[in-house]
Amino acid sequence: MSFGKESIRAPLPTRELDRRYLEIRKAMKAEGIDILVVQNDNMYLGGYVRYFLGIPAVNGYPVTVLFPYDDDMTTITHGGPPDRPGPPDFAVHHVKNKVCFPYFRTVRYTNKWDAEETVKIIKARGDKKVGVIGLGLMHAAFYTYVKEHLTGVEIVEATDMVDEIKAIKSADELVYVRRAVETQDIVMAAVPFMLRPGRHEFEVRNDIIHMLADLGSEEQLMRLGSAPNGEPAITAHNYYQNRKIDWGDQVTIMVEPNGPGGYYGECARTWVLGEPTQDLLKAWDDALAAQKYAAALSKPGVHVAEIFTKYNEFIVARGYTAEGRVFAHGQGYDLVERPLIRDDEDMTLKADMVLAIHPLLVTSTAWAFPCDDFLVTAAGAERMHKTPSEVFAVGSEGRIF
């Protein structure tokens with residue numbers, strides 16, 4: 001089979017990869033790091049590999065990237081003859097060596113094969129200081145072997161160094177973020193025509209996933225939940241989406257897929273098959289006010305802990321429970337990335353960071369969960385989604401009243 005760069009639906013410009021490599025190597029020089037080791041095994045929380053390569057790790061199969069300060073990269077992937085080592089040449093930039101082994105994390109005795117190759121390469125180069133990226137995403141068998149066999153080598157976690165660069169989106173990156181947001185807005189506009197009595201939640205979910213994929217989404221994450229009017233419609237994972245929707249129900253849908261090019265966004269709204277209750281409308285208005293308040297605080301130079309404190313003061317003053325989750329966070333190649341808007345995050349906001357802001361205000365009768373992506377600007381975070389910020393009442397023929 002012959003295929004080439006035209007096989008990639010939304011390829012990343014090589015100038016963007018060159019920009020990243022330049023910034024990362026500047027940081028490596030400042031820290032005295034000779035080589036970086038990156039490993040991910042999925043797409044939605046595996047954005048480090050994609051940040052270095054421009055293409056994602058395949059779900060379940062770890063991809064390792066070795067990024068030297070003074071040379072092109074090496075990739076270690078799953079595979080073996082007669083297949084050629086991936087990824088294909090046309091899909092990557094500045095990759096010098098590609099090796100592969102038929103390892104599976106479910107097969108114990110293969111777990112060190114990629115680690116053995118990593119140690120071999122680092123020893124042959126004579127590197128003295130190795131930075132690991134995303135230690136929490138790196139398999140224990142891999143890291144344990146590398147640490148035990150790189151004697152005389154200093155191993156440091158360099159995740160924060162890369163996070164500071166990765167969190168700020170370039171003009172090229174923002175093109176893809178906006179594409180993701182646009183696909184979600186299109187889907188949200190179609191939701192009323194998917195909701196009608198007698199349909200199961202999973203049927204609505206399947207319609208949404210199909211539509212997202214047709215629009216170029218590479219991974220279709222979403223949560224959905226329904227409940228009789230007057231009960232909280234809590235979003236749930238697909239395993240729990242078997243309820244049959246009835247007339248008068250509240251339905252909360254959160255789409256959080258990536259778009260063409262792999263950047264994530266997320267949007268959530270509530271629909272009612274009939275008339276929404278006053279309790280739901282009140283909670284929604286309060287949640288929307290909280291979202292706008294947090295966005296207004298989100299300016300360059302502001303420490304995120306300050307936003308978290310003021311946000312909690314805002315919602316508690318209105319009679320709601322203080323936030324114990326992550327109500328806002330950075331977003332990009334990862335569904336959730338830094339900064340987290342919490343009091344234990346030490347990152348300061350900078351222009352062109354992308355934040356997902358999703359307050360959750362809950363009462364005994366309502367689940368109010370507006371979610372949108374925002375771009376940090378000097379005037380505060382500007383909402384990127386165009387879907388109206390309201391509770392939608394849907395008629396029997398899929399029409400919004």
# chains A, B, ... in the order shown; residues from 1 in each chain; ligands from 1
>>> select_by_dssp(residues="range 33-231 of chain A", states="helix (DSSP H, G or I)", output="PyMOL selection string")
chain A and resi 47-53+89-91+108-110+113-125+135-137+140-149+159-166+171-193+201-214
>>> select_by_dssp(residues="range 42-224 of chain A", states="strand (DSSP E)", output="VMD selection string")
chain A and resid 63 to 68 73 to 78 95 to 101 129 to 133 154 to 157 222 to 224
>>> residues_around(residues="His210 in chain A", least_positions_apart="4", cutoff="12 Å", atoms="only C-alpha atoms", output="MDAnalysis selection string")
chainID A and resid 187 203:206 214:222 257
>>> write_last_selection(atoms="N, CA and C atoms", output="compact mmCIF listing (two decimals), in the first residue's frame")
# COMPACT_ATOMS: atom_id res chain seq x y z
N VAL A 187 -21.81 20.50 16.34
CA VAL A 187 -22.51 19.37 16.95
C VAL A 187 -23.55 19.84 17.96
N GLU A 203 -27.85 6.03 22.29
CA GLU A 203 -28.17 6.31 20.89
C GLU A 203 -27.83 7.75 20.54
N VAL A 204 -28.12 8.66 21.46
CA VAL A 204 -27.75 10.06 21.25
C VAL A 204 -26.23 10.19 21.20
N ARG A 205 -25.57 9.48 22.12
CA ARG A 205 -24.11 9.50 22.14
C ARG A 205 -23.54 9.02 20.80
N ASN A 206 -24.08 7.94 20.27
CA ASN A 206 -23.56 7.41 19.01
C ASN A 206 -23.74 8.40 17.86
N ASP A 214 -17.05 12.62 11.48
CA ASP A 214 -17.20 13.15 10.12
C ASP A 214 -16.63 14.55 9.99
N LEU A 215 -16.64 15.31 11.07
CA LEU A 215 -16.12 16.68 11.06
C LEU A 215 -14.60 16.74 11.27
N GLY A 216 -13.97 15.58 11.45
CA GLY A 216 -12.51 15.56 11.55
C GLY A 216 -11.95 15.29 12.91
N SER A 217 -12.79 15.06 13.91
CA SER A 217 -12.29 14.73 15.24
C SER A 217 -11.53 13.41 15.19
N GLU A 218 -10.39 13.35 15.88
CA GLU A 218 -9.57 12.15 15.90
C GLU A 218 -9.92 11.24 17.08
N GLU A 219 -10.49 11.79 18.12
CA GLU A 219 -10.89 10.98 19.28
C GLU A 219 -12.12 11.61 19.90
N GLN A 220 -13.19 10.82 20.04
CA GLN A 220 -14.50 11.40 20.36
C GLN A 220 -14.88 11.13 21.81
N LEU A 221 -14.32 11.91 22.72
CA LEU A 221 -14.67 11.79 24.12
C LEU A 221 -15.93 12.58 24.41
N MET A 222 -16.80 12.02 25.24
CA MET A 222 -17.98 12.78 25.64
C MET A 222 -18.62 12.14 26.87
N PRO A 257 -14.07 16.19 22.65
CA PRO A 257 -13.18 15.53 21.70
C PRO A 257 -12.10 16.48 21.22
>>> residues_around(residues="Glu313 in chain A", least_positions_apart="4", cutoff="12 Å", atoms="only C-alpha atoms", output="ChimeraX atom specification")
/A:290,293-294,306-309,317-323
>>> atom_distance(atom1="CA of Ile165 in chain A", atom2="CA of Ala10 in chain A")
22.4 Å
>>> residues_around(residues="Arg223 in chain A", least_positions_apart="5", cutoff="6 Å", atoms="only C-alpha atoms", output="list in words")
Thr235, Ala236, His237 and Met254 of chain A
>>> write_last_selection(atoms="N, CA and C atoms", output="PDB file, in the first residue's frame")
ATOM      1  N   THR A 235     -23.824  14.211  34.228  1.00  0.00           N
ATOM      2  CA  THR A 235     -23.142  13.580  33.096  1.00  0.00           C
ATOM      3  C   THR A 235     -22.422  12.317  33.564  1.00  0.00           C
ATOM      4  N   ALA A 236     -22.387  11.312  32.683  1.00  0.00           N
ATOM      5  CA  ALA A 236     -21.771  10.042  33.036  1.00  0.00           C
ATOM      6  C   ALA A 236     -20.981   9.502  31.846  1.00  0.00           C
ATOM      7  N   HIS A 237     -20.054   8.596  32.130  1.00  0.00           N
ATOM      8  CA  HIS A 237     -19.309   7.923  31.070  1.00  0.00           C
ATOM      9  C   HIS A 237     -20.235   6.978  30.306  1.00  0.00           C
ATOM     10  N   MET A 254     -21.834  16.814  27.520  1.00  0.00           N
ATOM     11  CA  MET A 254     -20.501  17.425  27.487  1.00  0.00           C
ATOM     12  C   MET A 254     -19.698  16.741  26.393  1.00  0.00           C
TER      13      MET A 254
END
>>> residues_around(residues="Asp285 in chain A", least_positions_apart="6", cutoff="12 Å", atoms="only C-alpha atoms", output="MDAnalysis selection string")
chainID A and resid 278:279 291:292 315 318 359:361 366:370 389:391
>>> atom_distance(atom1="CA of Leu195 in chain A", atom2="CA of Tyr263 in chain A")
27.8 Å
>>> residues_around(residues="Gly134 in chain A", least_positions_apart="2", cutoff="8 Å", atoms="only C-alpha atoms", output="count of residues only")
9
>>> closest_residue(among="A:Tyr239, A:Phe374, A:Phe90, A:Tyr103", to="Pro62 in chain A", atoms="only C-alpha atoms")
A:Tyr103
>>> closest_residue(among="A:Tyr145, A:Phe52, A:Trp247, A:Trp271", to="Gly198 in chain A", atoms="only C-alpha atoms")
A:Trp247
>>> closest_residue(among="A:Pro197, A:Pro232, A:Gly380, A:Cys371", to="Gly395 in chain A", atoms="only C-alpha atoms")
A:Pro197
>>> closest_atom_pairs(of="range 81-143 of chain A", to="range 21-26 of chain A", cutoff="12 Å", atoms="only C-alpha atoms", output="CSV")
residue,atom,partner,partner_atom,distance
A:His93,CA,A:Tyr21,CA,10.4
A:His94,CA,A:Tyr21,CA,9.6
A:Val95,CA,A:Tyr21,CA,12.0
A:Gly131,CA,A:Ile24,CA,11.6
A:Ile133,CA,A:Ile24,CA,11.8
>>> write_last_selection(atoms="N, CA and C atoms", output="PDB file, in the first residue's frame")
ATOM      1  N   HIS A  93       9.226  14.910  11.641  1.00  0.00           N
ATOM      2  CA  HIS A  93      10.211  15.932  11.281  1.00  0.00           C
ATOM      3  C   HIS A  93      11.403  15.787  12.218  1.00  0.00           C
ATOM      4  N   HIS A  94      12.595  15.737  11.664  1.00  0.00           N
ATOM      5  CA  HIS A  94      13.828  15.634  12.452  1.00  0.00           C
ATOM      6  C   HIS A  94      13.869  14.373  13.322  1.00  0.00           C
ATOM      7  N   VAL A  95      13.439  13.259  12.747  1.00  0.00           N
ATOM      8  CA  VAL A  95      13.611  11.953  13.387  1.00  0.00           C
ATOM      9  C   VAL A  95      14.732  11.225  12.645  1.00  0.00           C
ATOM     10  N   GLY A 131      16.721  14.154  31.164  1.00  0.00           N
ATOM     11  CA  GLY A 131      15.458  14.690  31.662  1.00  0.00           C
ATOM     12  C   GLY A 131      14.299  13.819  31.209  1.00  0.00           C
ATOM     13  N   ILE A 133      10.186  13.330  30.850  1.00  0.00           N
ATOM     14  CA  ILE A 133       9.007  14.184  30.681  1.00  0.00           C
ATOM     15  C   ILE A 133       7.754  13.376  30.982  1.00  0.00           C
TER      16      ILE A 133
END
>>> closest_residue(among="A:Asp346, A:Glu164, A:Asp172, A:Asp372", to="Gly265 in chain A", atoms="only C-alpha atoms")
A:Asp372
>>> atom_distance(atom1="CA of Thr14 in chain A", atom2="CA of Leu53 in chain A")
10.3 Å
